[in-house]
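Okay, final-v5.cif now, which holds mmCIF, C-alpha atoms and all ligand atoms:
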data_target
loop_
_atom_site.label_atom_id
_atom_site.label_comp_id
_atom_site.auth_asym_id
_atom_site.auth_seq_id
_atom_site.Cartn_x
_atom_site.Cartn_y
_atom_site.Cartn_z
CA MET F 25 -26.46 20.25 11.72
CA LYS F 26 -25.15 17.64 9.33
CA LYS F 27 -22.21 15.70 10.76
CA LEU F 28 -18.85 16.15 9.14
CA ALA F 29 -17.97 13.18 6.91
CA LEU F 30 -15.10 10.98 8.03
CA HIS F 31 -12.76 11.91 5.19
CA TRP F 32 -13.09 15.59 6.11
CA LYS F 33 -12.35 14.83 9.74
CA ILE F 34 -9.23 12.91 8.70
CA LEU F 35 -8.15 15.70 6.35
CA ILE F 36 -8.56 18.28 9.10
CA GLY F 37 -6.49 16.05 11.41
CA MET F 38 -3.78 15.88 8.75
CA VAL F 39 -3.68 19.65 8.24
CA PHE F 40 -3.50 20.27 11.99
CA GLY F 41 -0.74 17.67 12.24
CA ILE F 42 1.33 19.42 9.56
CA VAL F 43 0.80 22.87 11.09
CA PHE F 44 1.59 21.59 14.58
CA GLY F 45 4.72 19.83 13.30
CA LEU F 46 5.92 23.05 11.64
CA ILE F 47 5.29 25.07 14.80
CA MET F 48 7.19 22.52 16.87
CA LEU F 49 10.08 22.63 14.40
CA SER F 50 10.27 26.40 14.69
CA VAL F 51 10.39 26.31 18.50
CA LYS F 52 12.78 23.33 18.56
CA GLY F 53 10.07 21.19 20.10
CA GLU F 54 10.90 17.99 18.18
CA TRP F 55 11.44 16.18 21.50
CA PHE F 56 7.87 16.97 22.52
CA VAL F 57 6.46 15.46 19.34
CA ASN F 58 8.74 12.41 19.63
CA ASP F 59 7.95 11.79 23.28
CA TRP F 60 4.30 12.74 23.54
CA ILE F 61 2.69 12.75 20.10
CA GLU F 62 4.41 10.01 18.10
CA PRO F 63 3.24 7.21 20.45
CA LEU F 64 -0.40 8.02 19.61
CA GLY F 65 0.24 7.40 15.92
CA LYS F 66 2.17 4.24 16.70
CA ILE F 67 -0.68 2.84 18.80
CA PHE F 68 -3.14 3.48 15.99
CA VAL F 69 -0.99 1.70 13.40
CA LYS F 70 -0.48 -1.21 15.79
CA MET F 71 -4.24 -1.51 16.32
CA LEU F 72 -4.83 -1.65 12.58
CA LYS F 73 -2.14 -4.29 12.15
CA LEU F 74 -3.55 -6.19 15.09
CA ILE F 75 -6.76 -6.92 13.25
CA ALA F 76 -5.23 -7.62 9.83
CA VAL F 77 -4.61 -11.35 10.38
CA PRO F 78 -8.00 -12.17 12.00
CA LEU F 79 -9.68 -10.14 9.26
CA ILE F 80 -7.93 -11.94 6.42
CA LEU F 81 -8.60 -15.32 8.00
CA ALA F 82 -12.26 -14.69 8.77
CA SER F 83 -13.19 -12.93 5.57
CA LEU F 84 -11.28 -15.24 3.25
CA VAL F 85 -12.65 -18.40 4.85
CA LYS F 86 -16.13 -16.92 4.79
CA GLY F 87 -15.79 -15.67 1.24
CA ILE F 88 -14.63 -19.00 -0.13
CA SER F 89 -16.98 -21.17 1.88
CA ASP F 90 -19.87 -19.00 0.64
CA LEU F 91 -19.02 -19.87 -2.97
CA LYS F 92 -21.17 -22.65 -4.23
CA ASP F 93 -18.45 -24.24 -6.31
CA ILE F 94 -14.68 -23.98 -6.62
CA SER F 95 -14.60 -23.15 -10.34
CA LYS F 96 -15.81 -19.64 -9.43
CA PHE F 97 -12.80 -19.22 -7.21
CA LYS F 98 -10.47 -20.26 -10.01
CA ALA F 99 -12.04 -17.72 -12.36
CA MET F 100 -11.68 -14.99 -9.78
CA GLY F 101 -8.09 -15.89 -8.91
CA LEU F 102 -6.91 -15.91 -12.51
CA ARG F 103 -8.67 -12.65 -13.38
CA THR F 104 -7.28 -10.92 -10.31
CA ILE F 105 -3.68 -11.88 -10.97
CA ILE F 106 -3.86 -10.96 -14.68
CA ILE F 107 -5.37 -7.54 -13.96
CA TYR F 108 -2.86 -6.90 -11.19
CA VAL F 109 0.06 -7.64 -13.50
CA LEU F 110 -1.39 -5.52 -16.32
CA THR F 111 -2.01 -2.46 -14.15
CA THR F 112 1.49 -2.73 -12.69
CA VAL F 113 3.11 -2.87 -16.14
CA ILE F 114 1.07 0.19 -17.15
CA ALA F 115 2.24 2.01 -14.00
CA ILE F 116 5.92 1.31 -14.71
CA THR F 117 5.52 2.34 -18.34
CA ILE F 118 3.94 5.65 -17.31
CA GLY F 119 6.82 6.24 -14.88
CA LEU F 120 9.47 5.45 -17.47
CA ALA F 121 7.82 7.60 -20.13
CA LEU F 122 7.74 10.58 -17.76
CA VAL F 123 11.24 10.26 -16.37
CA ASN F 124 12.76 9.82 -19.84
CA THR F 125 10.90 12.83 -21.19
CA ILE F 126 11.25 15.24 -18.25
CA LYS F 127 14.79 14.08 -17.36
CA PRO F 128 14.83 15.27 -13.71
CA GLY F 129 18.40 13.97 -13.28
CA GLU F 130 19.82 16.58 -15.61
CA GLY F 131 19.12 19.40 -13.17
CA ILE F 132 21.17 17.86 -10.35
CA THR F 133 24.50 19.58 -9.83
CA GLN F 134 27.70 17.91 -8.72
CA GLU F 135 27.48 19.99 -5.57
CA THR F 136 24.08 18.54 -4.64
CA VAL F 137 25.39 15.02 -5.22
CA SER F 138 28.31 15.73 -2.88
CA THR F 139 26.03 17.16 -0.18
CA LEU F 140 23.70 14.17 -0.34
CA LYS F 141 26.64 11.79 -0.48
CA ALA F 142 28.19 13.34 2.62
CA LYS F 143 24.93 13.22 4.49
CA TYR F 144 23.61 9.76 3.69
CA SER F 145 25.95 7.41 1.88
CA ASN F 146 27.89 6.36 4.94
CA SER F 147 24.84 6.11 7.13
CA ASP F 148 23.78 2.78 8.64
CA LYS F 149 20.51 3.16 6.79
CA ALA F 150 22.09 2.80 3.33
CA ALA F 151 24.10 -0.23 4.45
CA THR F 152 21.05 -1.90 6.01
CA ILE F 153 18.97 -1.37 2.87
CA ILE F 154 21.66 -2.88 0.67
CA THR F 155 22.16 -5.86 3.01
CA ASN F 156 18.41 -6.52 3.19
CA ALA F 157 18.06 -6.35 -0.56
CA ARG F 158 20.99 -8.72 -1.12
CA ALA F 159 19.54 -11.22 1.35
CA GLN F 160 16.29 -11.23 -0.67
CA LYS F 161 18.17 -11.66 -3.92
CA GLU F 162 20.28 -14.58 -2.86
CA THR F 163 17.32 -16.94 -2.86
CA GLY F 164 16.40 -19.12 -5.87
CA PRO F 165 13.79 -18.13 -8.48
CA LEU F 166 11.03 -20.28 -6.97
CA GLN F 167 11.77 -19.33 -3.39
CA PHE F 168 8.87 -16.86 -3.27
CA ILE F 169 6.43 -19.74 -3.94
CA VAL F 170 8.10 -21.88 -1.27
CA ASP F 171 7.79 -18.93 1.11
CA MET F 172 4.09 -18.69 0.45
CA VAL F 173 3.44 -22.13 1.95
CA PRO F 174 3.43 -22.17 5.75
CA ASP F 175 4.76 -25.13 7.71
CA ASN F 176 3.08 -23.92 10.83
CA ALA F 177 -0.28 -22.18 10.57
CA VAL F 178 -0.13 -20.72 14.05
CA PHE F 179 3.36 -19.34 13.50
CA ALA F 180 2.25 -17.78 10.19
CA MET F 181 -0.63 -16.08 11.98
CA SER F 182 1.72 -14.72 14.59
CA ASN F 183 3.83 -12.76 12.12
CA ASN F 184 2.47 -9.85 10.10
CA LYS F 185 5.21 -10.35 7.54
CA LEU F 186 3.77 -13.75 6.64
CA MET F 187 0.51 -12.43 5.24
CA LEU F 188 0.76 -14.58 2.09
CA GLN F 189 1.08 -17.69 4.26
CA VAL F 190 -2.07 -16.74 6.14
CA ILE F 191 -3.83 -16.22 2.80
CA PHE F 192 -2.65 -19.66 1.65
CA PHE F 193 -3.90 -21.36 4.82
CA SER F 194 -7.24 -19.52 4.71
CA ILE F 195 -7.85 -20.49 1.08
CA LEU F 196 -7.06 -24.13 1.86
CA LEU F 197 -9.36 -24.10 4.85
CA GLY F 198 -12.18 -22.44 2.88
CA ILE F 199 -11.85 -24.87 -0.03
CA CYS F 200 -11.92 -27.90 2.28
CA MET F 201 -15.02 -26.55 3.97
CA LEU F 202 -16.66 -26.54 0.54
CA LEU F 203 -15.60 -30.13 -0.03
CA ILE F 204 -17.16 -31.61 3.11
CA PRO F 205 -20.94 -32.00 3.62
CA GLU F 206 -22.62 -28.67 4.28
CA LYS F 207 -23.97 -29.64 7.69
CA ASP F 208 -20.50 -30.61 8.91
CA ALA F 209 -18.99 -27.33 7.74
CA LYS F 210 -21.78 -25.23 9.24
CA PRO F 211 -20.44 -24.78 12.80
CA LEU F 212 -17.07 -23.61 11.50
CA LYS F 213 -18.70 -21.37 8.92
CA ASP F 214 -20.90 -19.75 11.56
CA PHE F 215 -17.82 -19.16 13.68
CA PHE F 216 -15.96 -17.40 10.85
CA ASP F 217 -19.08 -15.42 9.84
CA SER F 218 -19.36 -14.14 13.35
CA LEU F 219 -15.62 -13.44 13.67
CA ASN F 220 -15.79 -11.49 10.42
CA GLU F 221 -18.60 -9.28 11.71
CA VAL F 222 -16.78 -8.67 14.97
CA VAL F 223 -13.52 -7.71 13.27
CA LEU F 224 -15.30 -5.32 10.93
CA LYS F 225 -16.84 -3.69 13.97
CA MET F 226 -13.33 -3.34 15.39
CA VAL F 227 -12.38 -1.41 12.24
CA ASP F 228 -15.27 0.97 12.92
CA LEU F 229 -14.13 1.48 16.49
CA ILE F 230 -10.50 2.06 15.57
CA MET F 231 -11.52 4.49 12.83
CA LEU F 232 -13.14 6.72 15.42
CA SER F 233 -9.66 7.71 16.48
CA ALA F 234 -8.36 8.15 12.91
CA PRO F 235 -8.55 11.96 12.78
CA TYR F 236 -6.44 12.24 15.98
CA ALA F 237 -4.06 9.49 14.90
CA VAL F 238 -3.30 11.10 11.53
CA PHE F 239 -2.60 14.34 13.40
CA ALA F 240 0.08 12.47 15.39
CA LEU F 241 1.45 10.63 12.35
CA LEU F 242 1.83 13.75 10.23
CA ALA F 243 3.29 15.87 13.03
CA THR F 244 5.92 13.13 13.44
CA VAL F 245 6.68 13.04 9.72
CA ILE F 246 7.16 16.81 9.69
CA VAL F 247 9.58 16.95 12.62
CA SER F 248 11.66 14.11 11.21
CA ALA F 249 11.82 15.54 7.67
CA ASP F 250 15.06 16.70 6.14
CA HIS F 251 16.25 20.23 5.69
CA PRO F 252 14.12 22.10 3.09
CA ASP F 253 17.23 22.90 0.97
CA ILE F 254 17.83 19.23 0.32
CA LEU F 255 14.17 18.61 -0.42
CA LEU F 256 14.23 21.49 -2.90
CA ALA F 257 17.12 20.02 -4.86
CA LEU F 258 15.07 16.90 -5.45
CA VAL F 259 11.84 18.66 -6.22
CA LYS F 260 11.92 17.87 -9.95
CA TYR F 261 12.48 14.17 -9.34
CA ALA F 262 9.76 14.07 -6.68
CA GLY F 263 7.49 16.00 -9.04
CA VAL F 264 7.90 13.34 -11.75
CA VAL F 265 6.98 10.57 -9.30
CA VAL F 266 3.97 12.50 -8.04
CA LEU F 267 2.84 13.34 -11.58
CA GLY F 268 3.06 9.66 -12.52
CA LEU F 269 1.11 8.66 -9.43
CA ALA F 270 -1.56 11.27 -10.22
CA LEU F 271 -1.85 9.90 -13.76
CA MET F 272 -2.26 6.43 -12.29
CA ILE F 273 -5.17 7.63 -10.14
CA CYS F 274 -6.76 9.16 -13.28
CA PHE F 275 -6.28 5.82 -15.03
CA TYR F 276 -8.09 4.01 -12.18
CA LEU F 277 -10.93 6.50 -12.30
CA LEU F 278 -11.23 5.94 -16.03
CA LEU F 279 -11.33 2.18 -15.53
CA VAL F 280 -13.97 2.48 -12.85
CA SER F 281 -16.20 4.74 -14.89
CA VAL F 282 -15.84 2.90 -18.20
CA TYR F 283 -15.97 -0.66 -16.94
CA THR F 284 -18.15 -0.54 -13.85
CA LYS F 285 -20.21 2.50 -14.97
CA LYS F 286 -19.85 4.05 -11.52
CA SER F 287 -19.12 7.73 -11.05
CA PRO F 288 -15.40 8.42 -10.48
CA LEU F 289 -16.30 11.05 -7.89
CA TRP F 290 -18.37 8.55 -5.97
CA PHE F 291 -15.45 6.12 -6.09
CA LEU F 292 -13.03 8.74 -4.78
CA LYS F 293 -15.38 9.80 -2.03
CA GLU F 294 -15.98 6.26 -0.83
CA ILE F 295 -12.35 5.15 -0.92
CA SER F 296 -10.89 8.41 0.46
CA PRO F 297 -10.68 7.36 4.16
CA ALA F 298 -8.51 4.41 3.10
CA GLN F 299 -6.42 6.65 0.83
CA LEU F 300 -5.85 9.19 3.57
CA LEU F 301 -4.82 6.47 6.00
CA ALA F 302 -2.48 4.96 3.42
CA PHE F 303 -0.95 8.41 3.02
CA SER F 304 -0.58 8.91 6.77
CA THR F 305 0.74 5.44 7.65
CA SER F 306 2.78 4.59 4.47
CA SER F 307 1.65 1.02 4.89
CA SER F 308 -0.86 -0.85 2.71
CA ALA F 309 -0.86 -3.68 5.25
CA ALA F 310 -1.92 -1.39 8.08
CA THR F 311 -4.56 0.19 5.82
CA LEU F 312 -5.95 -3.18 4.67
CA PRO F 313 -8.73 -3.50 7.28
CA VAL F 314 -10.05 -0.06 6.34
CA THR F 315 -9.73 -0.73 2.60
CA MET F 316 -11.74 -3.93 3.03
CA GLU F 317 -14.40 -2.23 5.07
CA ARG F 318 -14.75 0.65 2.58
CA VAL F 319 -14.88 -1.52 -0.53
CA GLU F 320 -17.26 -4.04 0.98
CA GLU F 321 -19.64 -1.92 2.93
CA HIS F 322 -19.54 1.40 1.10
CA MET F 323 -18.83 0.43 -2.48
CA GLY F 324 -20.96 -2.68 -2.71
CA VAL F 325 -18.30 -5.21 -3.70
CA ASP F 326 -19.26 -8.69 -2.56
CA LYS F 327 -17.33 -10.21 0.33
CA GLU F 328 -16.46 -13.20 -1.85
CA VAL F 329 -14.40 -10.85 -4.01
CA THR F 330 -12.95 -8.43 -1.45
CA SER F 331 -11.86 -11.20 0.89
CA PHE F 332 -9.54 -12.57 -1.79
CA VAL F 333 -8.67 -9.64 -4.02
CA LEU F 334 -7.77 -7.08 -1.34
CA PRO F 335 -5.43 -9.08 0.98
CA VAL F 336 -3.66 -10.52 -2.06
CA GLY F 337 -3.49 -7.03 -3.59
CA ALA F 338 -2.07 -5.47 -0.43
CA THR F 339 0.79 -7.95 -0.54
CA ILE F 340 1.53 -8.27 -4.25
CA ASN F 341 -0.09 -5.42 -6.16
CA MET F 342 1.89 -2.22 -5.75
CA ASP F 343 1.43 -0.01 -8.78
CA GLY F 344 2.62 3.11 -6.97
CA THR F 345 5.75 1.36 -5.72
CA SER F 346 6.67 -0.04 -9.12
CA LEU F 347 6.12 3.33 -10.83
CA TYR F 348 8.39 4.92 -8.21
CA GLN F 349 11.03 2.23 -8.72
CA GLY F 350 11.04 2.84 -12.48
CA VAL F 351 11.40 6.61 -12.08
CA ALA F 352 13.99 6.34 -9.30
CA ALA F 353 16.14 3.85 -11.22
CA VAL F 354 16.28 6.04 -14.35
CA PHE F 355 16.76 9.22 -12.31
CA ILE F 356 19.72 7.63 -10.53
CA MET F 357 21.19 6.58 -13.87
CA GLN F 358 20.74 10.09 -15.28
CA VAL F 359 22.78 11.49 -12.40
CA LEU F 360 25.37 8.82 -11.67
CA TRP F 361 25.57 6.38 -14.57
CA PRO F 362 24.39 7.91 -17.89
CA GLU F 363 26.05 5.13 -19.90
CA GLY F 364 23.50 2.71 -18.43
CA LEU F 365 20.60 4.56 -20.08
CA VAL F 366 20.03 2.11 -22.91
CA PHE F 367 16.75 0.68 -24.14
CA SER F 368 17.46 -2.87 -22.99
CA ASN F 369 17.94 -1.62 -19.43
CA GLN F 370 14.54 0.07 -19.53
CA LEU F 371 12.99 -3.29 -20.47
CA ILE F 372 14.82 -4.97 -17.60
CA ILE F 373 13.47 -2.26 -15.31
CA ILE F 374 9.89 -3.06 -16.38
CA LEU F 375 10.38 -6.72 -15.56
CA THR F 376 12.32 -6.32 -12.33
CA ALA F 377 10.17 -3.48 -11.00
CA LEU F 378 7.14 -5.72 -11.60
CA LEU F 379 8.74 -8.56 -9.63
CA ALA F 380 10.16 -6.18 -7.03
CA SER F 381 6.76 -4.64 -6.34
CA ILE F 382 5.31 -8.13 -5.88
CA GLY F 383 8.13 -8.91 -3.47
CA SER F 384 7.97 -5.61 -1.56
CA ALA F 385 6.44 -5.85 1.88
CA ALA F 386 3.43 -3.62 2.46
CA VAL F 387 5.26 -1.53 5.04
CA PRO F 388 6.97 1.89 5.04
CA GLY F 389 10.14 2.11 2.98
CA ALA F 390 9.94 -1.38 1.48
CA GLY F 391 9.93 -0.02 -2.07
CA MET F 392 13.39 1.44 -1.57
CA VAL F 393 14.87 -1.89 -0.46
CA MET F 394 13.58 -3.55 -3.59
CA LEU F 395 14.91 -0.69 -5.71
CA VAL F 396 18.39 -2.03 -4.96
CA ILE F 397 17.41 -5.29 -6.69
CA VAL F 398 16.15 -3.36 -9.72
CA LEU F 399 19.43 -1.44 -9.89
CA GLU F 400 21.54 -4.56 -9.54
CA ALA F 401 19.56 -6.28 -12.29
CA ILE F 402 20.64 -3.61 -14.80
CA GLY F 403 24.27 -3.96 -13.74
CA PHE F 404 24.47 -0.70 -11.79
CA PRO F 405 28.01 -0.42 -10.35
CA SER F 406 27.85 -1.68 -6.78
CA ASP F 407 30.31 0.91 -5.44
CA LEU F 408 27.85 3.62 -6.51
CA LEU F 409 24.89 1.96 -4.75
CA PRO F 410 25.22 3.82 -1.40
CA ILE F 411 25.46 7.11 -3.31
CA ALA F 412 22.43 6.15 -5.39
CA LEU F 413 20.37 5.59 -2.27
CA ALA F 414 21.75 8.76 -0.69
CA LEU F 415 20.48 10.64 -3.70
CA ILE F 416 16.84 9.76 -3.09
CA PHE F 417 16.71 9.26 0.69
CA ALA F 418 15.59 12.76 1.61
CA VAL F 419 12.33 12.57 -0.31
CA ASP F 420 11.62 8.89 0.19
CA ARG F 421 9.14 9.27 3.03
CA PRO F 422 6.82 11.79 1.30
CA LEU F 423 6.98 9.72 -1.88
CA ASP F 424 6.28 6.57 0.13
CA MET F 425 3.15 8.24 1.49
CA CYS F 426 1.96 9.06 -2.03
CA ARG F 427 2.81 5.70 -3.58
CA THR F 428 1.09 3.79 -0.76
CA MET F 429 -2.04 5.80 -1.49
CA VAL F 430 -1.86 4.67 -5.12
CA ASN F 431 -1.19 1.05 -4.09
CA VAL F 432 -4.36 1.00 -2.03
CA THR F 433 -6.44 2.75 -4.73
CA GLY F 434 -5.20 0.19 -7.26
CA ASP F 435 -6.35 -2.70 -5.10
CA ALA F 436 -9.77 -1.13 -4.64
CA THR F 437 -10.10 -0.49 -8.39
CA VAL F 438 -9.21 -4.07 -9.29
CA SER F 439 -11.65 -5.45 -6.76
CA MET F 440 -14.42 -3.37 -8.39
CA ILE F 441 -13.47 -4.64 -11.84
CA VAL F 442 -13.26 -8.28 -10.78
CA ALA F 443 -16.56 -7.95 -8.93
CA LYS F 444 -18.24 -6.39 -11.96
CA SER F 445 -16.94 -9.11 -14.27
CA LEU F 446 -18.36 -11.77 -11.95
CA GLY F 447 -21.68 -10.01 -11.38
CA LYS F 448 -20.76 -9.34 -7.73
CA LEU F 449 -21.05 -5.56 -7.62
CA GLY F 450 -24.07 -3.91 -6.02
CA ASN F 451 -25.82 -4.58 -2.71
CA LEU F 452 -24.71 -1.63 -0.63
CA LYS F 453 -24.90 -2.58 3.00
CA VAL F 454 -24.34 0.90 4.33
CA LYS F 455 -26.36 3.53 2.50
CA ASN F 456 -25.28 6.54 4.46
CA TRP F 457 -21.71 7.79 4.35
CA ASP F 458 -20.98 7.70 8.07
CA ASP F 459 -23.56 5.15 9.26
CA ASN F 460 -20.94 2.64 10.17
CA TYR F 461 -18.92 4.97 12.31
CA GLU F 462 -21.89 6.61 13.94
CA ASP F 463 -23.57 3.51 15.27
CA VAL F 464 -20.63 2.50 17.42
CA LYS F 465 -20.63 5.77 19.30
N1 LIG F 501 4.91 1.61 1.76
C1 LIG F 501 4.44 0.91 0.59
C2 LIG F 501 3.19 0.13 0.92
O1 LIG F 501 3.00 -0.25 2.05
C3 LIG F 501 5.50 0.01 0.01
C4 LIG F 501 6.63 0.88 -0.52
O2 LIG F 501 6.50 1.35 -1.67
O3 LIG F 501 7.58 1.15 0.20
O4 LIG F 501 2.39 -0.13 0.05
#

Would you write out, as structure tokens, the structure that this file holds?
Amino acid sequence: MKKLALHWKILIGMVFGIVFGLIMLSVKGEWFVNDWIEPLGKIFVKMLKLIAVPLILASLVKGISDLKDISKFKAMGLRTIIIYVLTTVIAITIGLALVNTIKPGEGITQETVSTLKAKYSNSDKAATIITNARAQKETGPLQFIVDMVPDNAVFAMSNNKLMLQVIFFSILLGICMLLIPEKDAKPLKDFFDSLNEVVLKMVDLIMLSAPYAVFALLATVIVSADHPDILLALVKYAGVVVLGLALMICFYLLLVSVYTKKSPLWFLKEISPAQLLAFSTSSSAATLPVTMERVEEHMGVDKEVTSFVLPVGATINMDGTSLYQGVAAVFIMQVLWPEGLVFSNQLIIILTALLASIGSAAVPGAGMVMLVIVLEAIGFPSDLLPIALALIFAVDRPLDMCRTMVNVTGDATVSMIVAKSLGKLGNLKVKNWDDNYEDVK
């Protein structure tokens, strides 16, 4: 009998997780899920994060030191950043077009606002989000570049939040290996080649537990979700975000089929394990090892491209997040501050949501912290900020799951485009769908 493909196994795990979570809710068994199921999901996410830094280091150093000259790297870098910015602007524009046409804020009654306000606006969560966002904002305009440069490589590698610093160090190391005589660089290159292979094998091993881990992750999400009544009140707003995200996926599929001439269905099938993990973990950083493995070994994008485009994308390219920020900002204005709905503010939203998505960390809930910066940029009254966040809290987690999926798909799409434009698409290492996962069993 033909073995079930990995994405089906993960999907089945997700469905079981949801059903189990609902059953536990109905028998008041939340404690059981929190005590005995949630840890499994946490361990899985930690394992994925564990290999992110070694993977970025090994694959980026290998990718760059494999290039025969540095001008190729410049071409790739420039192309990547330009395409990332363009796709993000398109995402925000789609979000704004939808939210201004569908106007989900108009259906929200004063009663709903009061319920949400009572439930969330005085919570510690709202205060923490606002404090975090303000701390980010208080830095100067060039601070994000300063932050990219590590002053201690080992320290940078010891902190998952400093991914951009690790990328910076790896690029510098790779470039310097190109600049010294080949025979002197060889021992180091062999070391990183080997490390890269080993880490990719770790991804395969970890992925064996993915179907069980997503079961745990989704059961946990279900038992910690809000009351269905509250979710229902926000269904129109959530629907607009999801519709925008779906349109974004269609846009990626169009790009893939028109530019790289690959079948969109093939693309979806190959990237789906990464998408499903992004959905289950709400973290592009945790999903990065799997995204890299899928794009490299199953979609035929050269390591030289994936090693740069994907880690950079996971940290700065968040189309789903920026689309969500655009929709959320306008939705909040429709409900709480209609006088702010002027054209100039929509332009400011495009710019700040672009910057905010670059600045958002690739972890759960980061998009909401940066939303505060978007709102402050348009002059949203600060006394209404806790109420604004209260308004969208209840549906933030499910939307986070969806937008993370789009963030990861966007990175994979751009890596295909950059690879195609540089003649680095092809050479499938793994022909069979599950080869990689089977041979570690
Ligand atoms: N969770 C998202 C990610 O990791 C970021 C966000 O939108 O909150 O890509």

Subject >> Selection: 12 Å around Ile154 (chain F), all atoms listed in the file, excl. self and same-chain fewer than 5 positions, as a list in words >> reply: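 Contacts, in chain order: Ser145, Asn146, Ser147, Asp148, Lys149, Ala159, Gln160, Lys161, Ala390, Met392, Val393, Met394, Leu395, Val396, Ile397, Val398, Leu399, Glu400, Ser406, Asp407, Leu408, Leu409, Pro410, Ile411, Ala412, Leu413 and Ala414 of chain F.
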
**OP:** Could you please extract the residues within 10 Å of ligand LIG 501 (chain F), counting only C-alpha atoms and all ligand atoms, and hand them back as number ranges by chain?
**Re:** F: 302-303, 305-312, 337-349, 380-381, 383-395, 420-421, 423-432

**OP:** Please provide the set of residues having any atom within 9 Å of Ile441 (chain F), restricted to all atoms listed in the file, with same-chain residues fewer than 4 positions apart removed, written as an NGL selection string.
**Re:** :F and (104 or 107 or 279-280 or 283-284 or 436-437 or 445-446 or 449)

Subject >> Nearest residue to Lys73 (chain F) from the set F:Leu232, F:Val314, F:Ile199, F:Ala99 (distances using only C-alpha atoms) >> reply: F:Val314

Proximity of region 197-283 of chain F to region 137-142 of chain F: per-residue shortest pair, 12 Å limit, only C-alpha atoms, as a tab-separated table:
residue	atom	partner	partner_atom	distance
F:Asp250	CA	F:Leu140	CA	11.1
F:His251	CA	F:Leu140	CA	11.3
F:Asp253	CA	F:Thr139	CA	10.6
F:Ile254	CA	F:Leu140	CA	7.8
F:Leu255	CA	F:Leu140	CA	10.5
F:Ala257	CA	F:Val137	CA	9.7
F:Leu258	CA	F:Leu140	CA	10.4

**OP:** Within 9 Å of Thr433 (chain F), counting all atoms listed in the file, which residues show up once you throw out same-chain ones fewer than 4 positions away? Write them as a PyMOL selection string, please.
**Re:** chain F and resi 273+276+292+295-296+298-299+315+428-429+437-438

Given only C-alpha atoms, how would the per-residue table for region 112-191 of chain F near region 76-79 of chain F read, listing every residue at most 8 Å away with its closest atom pair and distance in Å to one decimal, sorted by chain and number, as a Markdown table?
| residue | atom | partner | partner_atom | distance |
| --- | --- | --- | --- | --- |
| F:Met181 | CA | F:Val77 | CA | 6.4 |
| F:Asn184 | CA | F:Val77 | CA | 7.2 |
| F:Met187 | CA | F:Val77 | CA | 7.3 |
| F:Val190 | CA | F:Val77 | CA | 7.3 |

**OP:** Tell me which protein, DNA and RNA residues are within 12 Å of Lys92 (chain F), counting only C-alpha atoms, leaving out same-chain ones fewer than 4 positions away, and put them as a PyMOL selection string.
**Re:** chain F and resi 86-88+96-97+198-199+201-203+206+328

**OP:** Identify, on the basis of all atoms listed in the file, every residue whose closest approach to region 171-174 of chain F does not exceed 8 Å; exclude the query and any residue fewer than 3 positions from it along the same chain; express the result as a ChimeraX atom specification.
**Re:** /F:167-168,177,180,186,188-190,192-193

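Distances here use all atoms listed in the file; by that measure, the residue among F:Phe367, F:Leu49, F:Ile195, F:Val442 closest to Tyr108 (chain F) is F:Val442.
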
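Counting all atoms listed in the file and comparing F:Val366, F:Ala240, F:Leu371, F:Val282, the residue that lies closest to Leu64 (chain F) is F:Ala240.
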
Original post:
Do you have the CA of Ala151 (chain F)-CA of Ala249 (chain F) distance handy?
Top reply: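 These two atoms are separated by 20.2 Å.
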
**OP:** Using all atoms listed in the file, find the one residue out of F:Leu271, F:Leu46, F:Val265, F:Val319 that sits nearest to Trp290 (chain F).
**Re:**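 Looking only at the distances to Trp290 (chain F), the closest residue turns out to be F:Val319.
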
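Note that the spacing between CA of Ala150 (chain F) and CA of Val354 (chain F) amounts to 18.9 Å.
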
Original post:
By how many Å are CA of Trp32 (chain F) and CA of Pro297 (chain F) apart?
Top reply: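 These two atoms are separated by 8.8 Å.
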
Original post:
Out of F:Val69, F:Leu30, F:Met316, F:Val419, which residue has the shortest atom-to-atom distance to Leu334 (chain F) when counting only C-alpha atoms?
Top reply: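 Between F:Val69, F:Leu30, F:Met316, F:Val419, the residue approaching Leu334 (chain F) most closely is F:Met316.
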
Original post:
Pick from F:Leu35, F:Val109, F:Val123, F:Ile67: nearest to Val264 (chain F), with all atoms listed in the file counted?
Top reply: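 Closest candidate: F:Val123.
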